[in-house]
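As stored in my_file.cif (mmCIF, C-alpha atoms):
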```
data_entry
loop_
_atom_site.label_atom_id
_atom_site.label_comp_id
_atom_site.auth_asym_id
_atom_site.auth_seq_id
_atom_site.Cartn_x
_atom_site.Cartn_y
_atom_site.Cartn_z
CA MET Z 18 74.86 -12.02 5.34
CA LYS Z 19 75.28 -8.29 4.98
CA LEU Z 20 72.74 -6.37 2.89
CA SER Z 21 73.36 -2.98 1.36
CA ILE Z 22 70.88 -0.16 1.83
CA GLU Z 23 69.97 -0.39 -1.88
CA THR Z 24 69.06 -4.05 -1.46
CA VAL Z 25 66.90 -3.24 1.57
CA ILE Z 26 65.09 -0.46 -0.33
CA LEU Z 27 64.57 -2.78 -3.30
CA LEU Z 28 63.14 -5.50 -1.04
CA VAL Z 29 60.77 -3.08 0.67
CA VAL Z 30 59.57 -1.68 -2.66
CA THR Z 31 59.09 -5.22 -4.00
CA ILE Z 32 57.04 -6.22 -0.96
CA ALA Z 33 54.92 -3.07 -1.28
CA VAL Z 34 54.28 -3.67 -4.98
CA VAL Z 35 53.47 -7.35 -4.43
CA GLY Z 36 51.11 -6.41 -1.58
CA ALA Z 37 49.34 -3.81 -3.72
CA VAL Z 38 48.98 -6.21 -6.66
CA ALA Z 39 47.71 -8.96 -4.34
CA ALA Z 40 45.18 -6.59 -2.76
CA TRP Z 41 43.95 -5.50 -6.19
CA GLY Z 42 43.82 -9.11 -7.37
CA MET Z 43 41.87 -10.30 -4.34
CA GLY Z 44 39.47 -7.40 -4.71
CA TYR Z 45 38.98 -8.22 -8.37
CA ILE Z 46 38.47 -11.93 -7.69
CA GLY Z 47 36.11 -11.13 -4.82
CA ALA Z 48 34.11 -8.74 -6.98
CA SER Z 49 33.95 -11.28 -9.77
CA MET Z 50 32.69 -13.96 -7.40
CA ALA Z 51 30.16 -11.62 -5.81
CA GLY Z 52 29.12 -10.58 -9.28
CA THR Z 53 27.94 -14.09 -10.13
CA PRO Z 54 24.30 -13.47 -11.00
CA ASP Z 55 21.97 -15.16 -8.58
CA PHE Z 56 18.65 -14.62 -6.84
CA THR Z 57 16.44 -16.29 -4.25
CA PRO Z 58 12.77 -16.85 -5.08
CA GLN Z 59 10.06 -17.30 -2.47
CA VAL Z 60 6.31 -17.78 -2.93
CA ASP Z 61 4.29 -15.57 -0.60
CA GLN Z 62 0.78 -16.51 -1.62
CA CYS Z 63 -0.48 -18.73 -4.42
CA LEU Z 64 -4.08 -18.24 -5.48
CA ARG Z 65 -6.18 -19.15 -8.52
CA GLU Z 66 -5.89 -15.81 -10.28
CA ARG Z 67 -2.58 -14.48 -8.98
CA THR Z 68 0.54 -15.43 -7.07
CA TYR Z 69 2.78 -13.17 -5.05
CA ILE Z 70 6.44 -14.06 -5.17
CA LYS Z 71 9.44 -12.41 -3.57
CA ILE Z 72 12.79 -12.16 -5.31
CA LYS Z 73 16.05 -11.10 -3.75
CA ASN Z 74 18.80 -9.95 -6.10
CA LEU Z 75 22.02 -11.56 -4.82
CA ALA Z 76 24.17 -10.20 -7.65
CA THR Z 77 26.14 -6.97 -7.79
CA VAL Z 78 24.36 -5.81 -10.93
CA ASP Z 79 20.76 -4.75 -11.57
CA MET Z 80 18.10 -7.29 -12.44
CA VAL Z 81 16.40 -5.82 -15.51
CA ARG Z 82 13.84 -8.45 -16.51
CA VAL Z 83 11.84 -11.19 -14.82
CA ALA Z 84 9.89 -13.75 -16.82
CA VAL Z 85 7.77 -16.50 -15.27
CA LYS Z 86 6.34 -19.68 -16.75
CA ALA Z 87 3.81 -21.64 -14.72
CA THR Z 88 3.52 -25.37 -15.18
CA VAL Z 89 0.17 -26.78 -14.07
CA ARG Z 90 -0.62 -30.45 -14.74
CA GLU Z 91 2.25 -30.68 -17.24
CA THR Z 92 1.02 -27.67 -19.20
CA GLN Z 93 3.36 -24.70 -19.34
CA GLN Z 94 1.87 -21.22 -19.45
CA GLU Z 95 3.54 -17.84 -19.99
CA CYS Z 96 2.63 -15.44 -17.19
CA ASP Z 97 2.46 -11.68 -16.75
CA VAL Z 98 4.88 -10.41 -14.10
CA THR Z 99 4.78 -6.96 -12.53
CA TYR Z 100 5.67 -5.22 -9.32
CA VAL Z 101 2.67 -5.11 -6.97
CA ASP Z 102 2.00 -1.53 -8.15
CA GLY Z 103 1.51 -2.86 -11.69
CA SER Z 104 4.77 -1.55 -13.19
CA LEU Z 105 7.24 -3.73 -15.06
CA VAL Z 106 10.71 -4.82 -14.05
CA ASP Z 107 12.92 -3.22 -16.68
CA VAL Z 108 16.01 -1.09 -17.18
CA ALA Z 109 14.12 1.99 -16.00
CA LYS Z 110 12.90 0.25 -12.85
CA PRO Z 111 15.29 -2.63 -12.10
CA ILE Z 112 15.67 -4.72 -8.97
CA LYS Z 113 18.81 -3.33 -7.37
CA PRO Z 114 21.58 -5.54 -5.94
CA GLY Z 115 20.63 -6.70 -2.45
CA ASP Z 116 17.00 -5.64 -2.80
CA MET Z 117 14.13 -7.99 -2.08
CA VAL Z 118 10.93 -7.12 -3.89
CA GLN Z 119 7.50 -8.61 -4.18
CA LEU Z 120 6.14 -9.37 -7.65
CA GLU Z 121 2.68 -10.28 -8.84
CA VAL Z 122 2.31 -13.17 -11.27
CA ARG Z 123 -0.91 -13.45 -13.26
CA GLY Z 124 -2.22 -14.97 -16.45
CA TYR Z 125 -2.19 -18.67 -15.60
CA THR Z 126 -5.09 -21.05 -15.26
CA ALA Z 127 -5.22 -23.31 -12.22
CA ASN Z 128 -7.66 -24.72 -9.71
CA VAL Z 129 -7.57 -24.74 -5.94
CA GLY Z 130 -5.34 -27.60 -4.81
CA ASP Z 131 -3.27 -27.68 -8.02
CA ARG Z 132 0.48 -27.75 -7.70
CA ILE Z 133 2.11 -25.04 -9.77
CA THR Z 134 5.79 -25.01 -10.62
CA PHE Z 135 6.95 -21.51 -11.44
CA ARG Z 136 10.07 -21.22 -13.60
CA ILE Z 137 11.45 -17.79 -12.78
CA GLU Z 138 13.93 -16.46 -15.34
CA CYS Z 139 15.85 -13.35 -14.33
CA THR Z 140 17.96 -11.30 -16.72
CA PHE Z 141 20.74 -9.18 -15.26
CA ALA Z 142 22.19 -5.93 -16.57
CA ASP Z 143 25.34 -7.74 -17.72
CA GLY Z 144 23.22 -9.94 -19.99
CA LYS Z 145 23.43 -13.09 -17.88
CA VAL Z 146 20.25 -15.08 -17.37
CA VAL Z 147 19.50 -17.29 -14.36
CA ALA Z 148 16.43 -19.51 -14.03
CA LYS Z 149 15.08 -21.19 -10.91
CA ASP Z 150 12.02 -23.28 -10.12
CA VAL Z 151 9.77 -22.84 -7.14
CA ALA Z 152 6.56 -24.77 -6.46
CA ALA Z 153 3.38 -23.94 -4.58
CA ILE Z 154 -0.12 -25.30 -4.02
CA VAL Z 155 -3.04 -23.12 -5.09
CA ARG Z 156 -5.02 -22.00 -2.03
CA SER Z 157 -8.64 -21.02 -1.89
CA ILE Z 158 -9.72 -17.59 -0.79
CA MET T 18 71.30 0.43 19.01
CA LYS T 19 72.30 -0.95 15.63
CA LEU T 20 69.75 -2.98 13.64
CA SER T 21 70.82 -5.51 11.09
CA ALA T 22 69.54 -5.33 7.53
CA GLU T 23 67.93 -8.78 7.90
CA PHE T 24 65.98 -7.58 10.93
CA LEU T 25 64.80 -4.50 9.05
CA VAL T 26 63.60 -6.56 6.10
CA LEU T 27 61.77 -9.00 8.38
CA PHE T 28 60.24 -6.12 10.33
CA VAL T 29 58.95 -4.30 7.24
CA ALA T 30 57.69 -7.52 5.65
CA THR T 31 55.78 -8.42 8.82
CA ILE T 32 54.16 -4.99 8.95
CA ALA T 33 53.24 -5.19 5.27
CA VAL T 34 51.65 -8.65 5.62
CA ALA T 35 49.85 -7.77 8.86
CA GLY T 36 48.52 -4.54 7.38
CA PHE T 37 47.30 -6.32 4.28
CA VAL T 38 45.53 -9.05 6.27
CA ALA T 39 43.97 -6.49 8.64
CA ALA T 40 42.74 -4.42 5.69
CA GLN T 41 40.96 -7.50 4.30
CA ILE T 42 39.45 -8.75 7.57
CA ILE T 43 38.44 -5.58 9.45
CA PRO T 44 35.80 -4.37 6.93
CA MET T 45 34.23 -7.86 6.90
CA ILE T 46 34.02 -7.94 10.70
CA ALA T 47 32.68 -4.38 10.86
CA GLN T 48 30.05 -5.19 8.23
CA GLN T 49 28.91 -8.31 10.09
CA ALA T 50 28.70 -6.57 13.43
CA GLN T 51 26.09 -4.10 12.23
CA THR T 52 23.71 -6.26 10.24
CA THR T 53 20.03 -5.87 11.06
CA ASP T 54 17.81 -7.70 8.62
CA ALA T 55 14.88 -10.11 8.58
CA MET T 56 13.12 -12.36 6.10
CA ILE T 57 9.34 -12.22 6.22
CA SER T 58 7.38 -15.13 4.76
CA GLY T 59 4.02 -16.85 4.99
CA VAL T 60 2.05 -13.68 5.68
CA SER T 61 -1.66 -14.50 5.77
CA ILE T 62 -4.53 -12.37 6.94
CA PHE T 63 -8.03 -13.69 7.43
CA SER T 64 -11.41 -12.01 7.34
CA THR T 65 -11.79 -12.65 11.07
CA GLY T 66 -8.75 -10.43 11.68
CA ARG T 67 -6.37 -13.29 12.32
CA VAL T 68 -2.83 -12.75 11.08
CA ILE T 69 -0.06 -15.34 10.66
CA LEU T 70 3.53 -14.76 9.57
CA ASN T 71 7.02 -16.19 9.83
CA VAL T 72 9.95 -13.98 10.74
CA ARG T 73 13.52 -15.15 10.23
CA ASN T 74 16.38 -13.17 11.71
CA VAL T 75 19.08 -12.94 9.03
CA GLY T 76 20.97 -10.20 10.85
CA SER T 77 23.42 -10.35 13.71
CA VAL T 78 21.39 -8.79 16.54
CA ASP T 79 18.26 -10.06 18.30
CA ILE T 80 14.76 -9.19 17.11
CA THR T 81 12.72 -7.98 20.08
CA ALA T 82 9.35 -7.04 18.60
CA VAL T 83 7.26 -7.39 15.46
CA SER T 84 4.28 -5.33 14.43
CA VAL T 85 1.93 -5.71 11.48
CA THR T 86 -0.10 -2.86 10.03
CA VAL T 87 -2.68 -3.58 7.35
CA TYR T 88 -3.84 -1.01 4.77
CA PRO T 89 -6.28 -1.38 1.89
CA ARG T 90 -4.51 -1.79 -1.46
CA GLY T 91 -3.74 1.52 -3.12
CA ALA T 92 -4.14 3.51 0.08
CA GLY T 93 -1.62 6.23 0.81
CA SER T 94 0.53 6.33 3.90
CA GLN T 95 -1.83 8.87 5.48
CA THR T 96 -4.72 6.44 5.28
CA GLN T 97 -6.04 4.98 8.50
CA PRO T 98 -4.93 1.35 8.72
CA VAL T 99 -7.53 -1.39 8.73
CA GLY T 100 -5.85 -2.99 11.71
CA THR T 101 -2.62 -3.46 13.59
CA PHE T 102 -1.02 -6.31 15.48
CA SER T 103 2.04 -6.02 17.70
CA THR T 104 3.89 -8.60 19.72
CA GLY T 105 7.07 -8.77 21.71
CA THR T 106 9.31 -11.67 20.82
CA SER T 107 12.88 -12.81 21.01
CA ILE T 108 14.42 -14.11 17.82
CA PRO T 109 18.19 -14.60 17.95
CA PRO T 110 20.35 -14.27 14.84
CA GLY T 111 19.62 -17.22 12.55
CA GLY T 112 16.40 -18.03 14.38
CA GLU T 113 12.88 -18.15 12.99
CA ARG T 114 9.48 -17.74 14.69
CA SER T 115 5.96 -18.27 13.50
CA LEU T 116 3.84 -15.49 14.93
CA SER T 117 0.09 -15.22 15.00
CA GLY T 118 -2.55 -13.03 16.58
CA PHE T 119 -5.51 -10.84 15.83
CA LEU T 120 -5.53 -7.42 14.25
CA SER T 121 -6.91 -4.62 16.34
CA SER T 122 -8.78 -1.80 14.63
CA GLY T 123 -7.97 0.67 17.37
CA GLY T 124 -11.65 1.41 17.94
CA SER T 125 -14.39 -0.89 19.06
CA GLY T 126 -15.07 -4.10 17.20
CA ALA T 127 -13.04 -6.26 14.86
CA PRO T 128 -11.33 -4.74 11.81
CA SER T 129 -13.34 -5.02 8.62
CA LEU T 130 -11.44 -7.26 6.25
CA VAL T 131 -13.02 -8.70 3.12
CA ALA T 132 -11.96 -12.12 1.86
CA GLY T 133 -10.58 -11.92 -1.67
CA GLN T 134 -9.49 -8.29 -1.41
CA GLN T 135 -5.87 -7.21 -1.52
CA TYR T 136 -4.23 -5.50 1.41
CA LEU T 137 -0.85 -3.90 1.87
CA THR T 138 0.74 -5.34 4.98
CA ILE T 139 3.65 -3.47 6.54
CA VAL T 140 5.68 -5.71 8.84
CA THR T 141 7.90 -3.66 11.13
CA VAL T 142 10.68 -5.48 12.92
CA THR T 143 12.38 -3.97 15.97
CA PHE T 144 15.94 -5.05 16.71
CA SER T 145 17.79 -5.05 20.00
CA GLY T 146 19.13 -1.54 20.39
CA GLY T 147 16.01 0.07 18.97
CA ALA T 148 16.67 -0.05 15.23
CA THR T 149 13.60 -0.86 13.12
CA LYS T 150 13.06 -2.08 9.57
CA SER T 151 9.83 -2.26 7.62
CA TYR T 152 8.93 -4.86 5.03
CA PRO T 153 5.89 -4.27 2.79
CA VAL T 154 4.01 -7.38 1.69
CA MET T 155 0.90 -7.43 -0.51
CA VAL T 156 -1.55 -10.18 0.44
CA VAL T 157 -5.03 -11.31 -0.46
CA CYS T 158 -7.31 -11.68 2.56
CA LEU T 159 -8.49 -15.26 3.08
CA SER T 160 -11.81 -16.30 4.57
CA GLY T 161 -11.87 -17.77 8.02
#
```
Reformat the file's structure so that it appears as structure tokens.
Amino acid sequence: MKLSIETVILLVVTIAVVGAVAAWGMGYIGASMAGTPDFTPQVDQCLRERTYIKIKNLATVDMVRVAVKATVRETQQECDVTYVDGSLVDVAKPIKPGDMVQLEVRGYTANVGDRITFRIECTFADGKVVAKDVAAIVRSI
Amino acid sequence: MKLSAEFLVLFVATIAVAGFVAAQIIPMIAQQAQTTDAMISGVSIFSTGRVILNVRNVGSVDITAVSVTVYPRGAGSQTQPVGTFSTGTSIPPGGERSLSGFLSSGGSGAPSLVAGQQYLTIVTVTFSGGATKSYPVMVVCLSG
């Protein structure tokens, strides 16, 4: 088979274009997969009047709201959630992608030895909401 | 030397594919090679000065030392810490260690910790090579 110089140039250009499109496509798919909103919750300390939890933002977008419901003896209670300095997680002070922060959960009623299931509901900047449960036993001071 | 058109096409295609694959893989390898990170959990401090914590190495280089510095809640960085605890350790990537010890106040006597009060605990992890990372954790002091 004998190829003309035009054919060779056309083939090279085609390969280059296909490579570029594939690279863009893989980057887009990768970014989309990495952008799946997710977080890891972890209970640091669970006490009668407050619980410290850690949250790591595994998404590629900001986490702009965190809501927590505590279930104690089959009774669900809405809790107050703040950073440990007392400020709120919001658009002005979000949890950035990759960051792990400690939050303070208050406003529930429980006794020492109770098992609390915390339903942590995180809202991301793209509007997606992810909820996870984490349980802990109330410790005495 | 005269090269055939088929050879040229094969040659260019090989370079294009190899370059593309290398461009995808090299940043991932470079990123993994430099990861220094840890997960701190189970931090407890007791009124007797005892401190317990778990350190998990989620990076790619060894952890060689861990230190804990305890401040009263709301204190600024210039404030004298209530106590400090340092220990040498060896935690390989993926490994986890439970560490415990007693806080030292630096002066004479045990550090004064009050059960039920909140303290800001700064856990500083030293990695092989000298890099350090600090992880702040708020805890309530427990009795005992």
Given the PyMOL selection byres ((chain T) within 6 of (chain Z)) and the file above, list the residues it selects as an mmCIF file with C-alpha atoms, keeping the file's coordinate frame.
```cif
data_model
loop_
_atom_site.group_PDB
_atom_site.id
_atom_site.type_symbol
_atom_site.label_atom_id
_atom_site.label_comp_id
_atom_site.auth_asym_id
_atom_site.auth_seq_id
_atom_site.Cartn_x
_atom_site.Cartn_y
_atom_site.Cartn_z
ATOM 1 C CA ALA T 22 69.540 -5.330 7.530
ATOM 2 C CA GLY T 59 4.020 -16.850 4.990
ATOM 3 C CA GLY T 133 -10.580 -11.920 -1.670
ATOM 4 C CA LEU T 159 -8.490 -15.260 3.080
ATOM 5 C CA SER T 160 -11.810 -16.300 4.570
#
```
Inset, instruction - Convert the output of the PyMOL selection byres ((chain T and resi 139-142) around 8) on the shown file into explicit residues, formatted as a PyMOL selection string. - result: chain T and resi 55+57+80-87+137-138+143-144+149-154
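Taking CA of Val60 in chain T as the reference point, CA of Leu105 in chain Z is found at 23.6 Å.
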Inset, instruction - One decimal, Å: what's the distance from CA of Ile137 in chain Z over to CA of Asp107 in chain Z, could you say? - result: 15.2 Å
Legend entry - Result set of the PyMOL selection byres ((chain Z and resi 123-125) around 6) on the coordinates above, as an NGL selection string: :Z and (67 or 96-97 or 122 or 126)
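Take CA of Cys139 in chain Z and CA of Ala109 in chain Z: the distance between them is 15.5 Å.
Residues surrounding Arg136 in chain Z within 8 Å are Val85, Lys86, Ala87, Thr88, Ala148, Lys149, Asp150 and Val151 of chain Z [all atoms listed in the file; sequence separation below 4 positions excluded].
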Legend entry - Protein, DNA and RNA residues within 12 Å of (-6.5, -11.4, 11.5), all atoms listed in the file, as a ChimeraX atom specification: /T:60-70,85-87,99-103,116-122,127-132,136,138,158-161
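If you measure from each of Z:Glu95, Z:Thr53, Z:Lys73, Z:Gly103 to Arg90 in chain T using only C-alpha atoms, the closest one turns out to be Z:Gly103.
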Inset, instruction - Please identify all polymer residues lying at most 10 Å from the point (58.2, -7.8, 5.3) (file coordinates), using all atoms listed in the file, and present the result as JSON, numbers by chain. - result: {"Z": [28, 29, 31, 32, 33, 36], "T": [24, 25, 26, 27, 28, 29, 30, 31, 32, 33, 34, 35]}
Legend entry - Selected residue of minimal separation from Tyr88 in chain T among T:Ser145, T:Gln135, T:Val38, T:Gly112, counting only C-alpha atoms: T:Gln135
Inset, instruction - Could you check which of Z:Glu66, Z:Glu23, Z:Asp79, Z:Glu91 is closest to Gly144 in chain Z, using all atoms listed in the file? - result: Z:Asp79
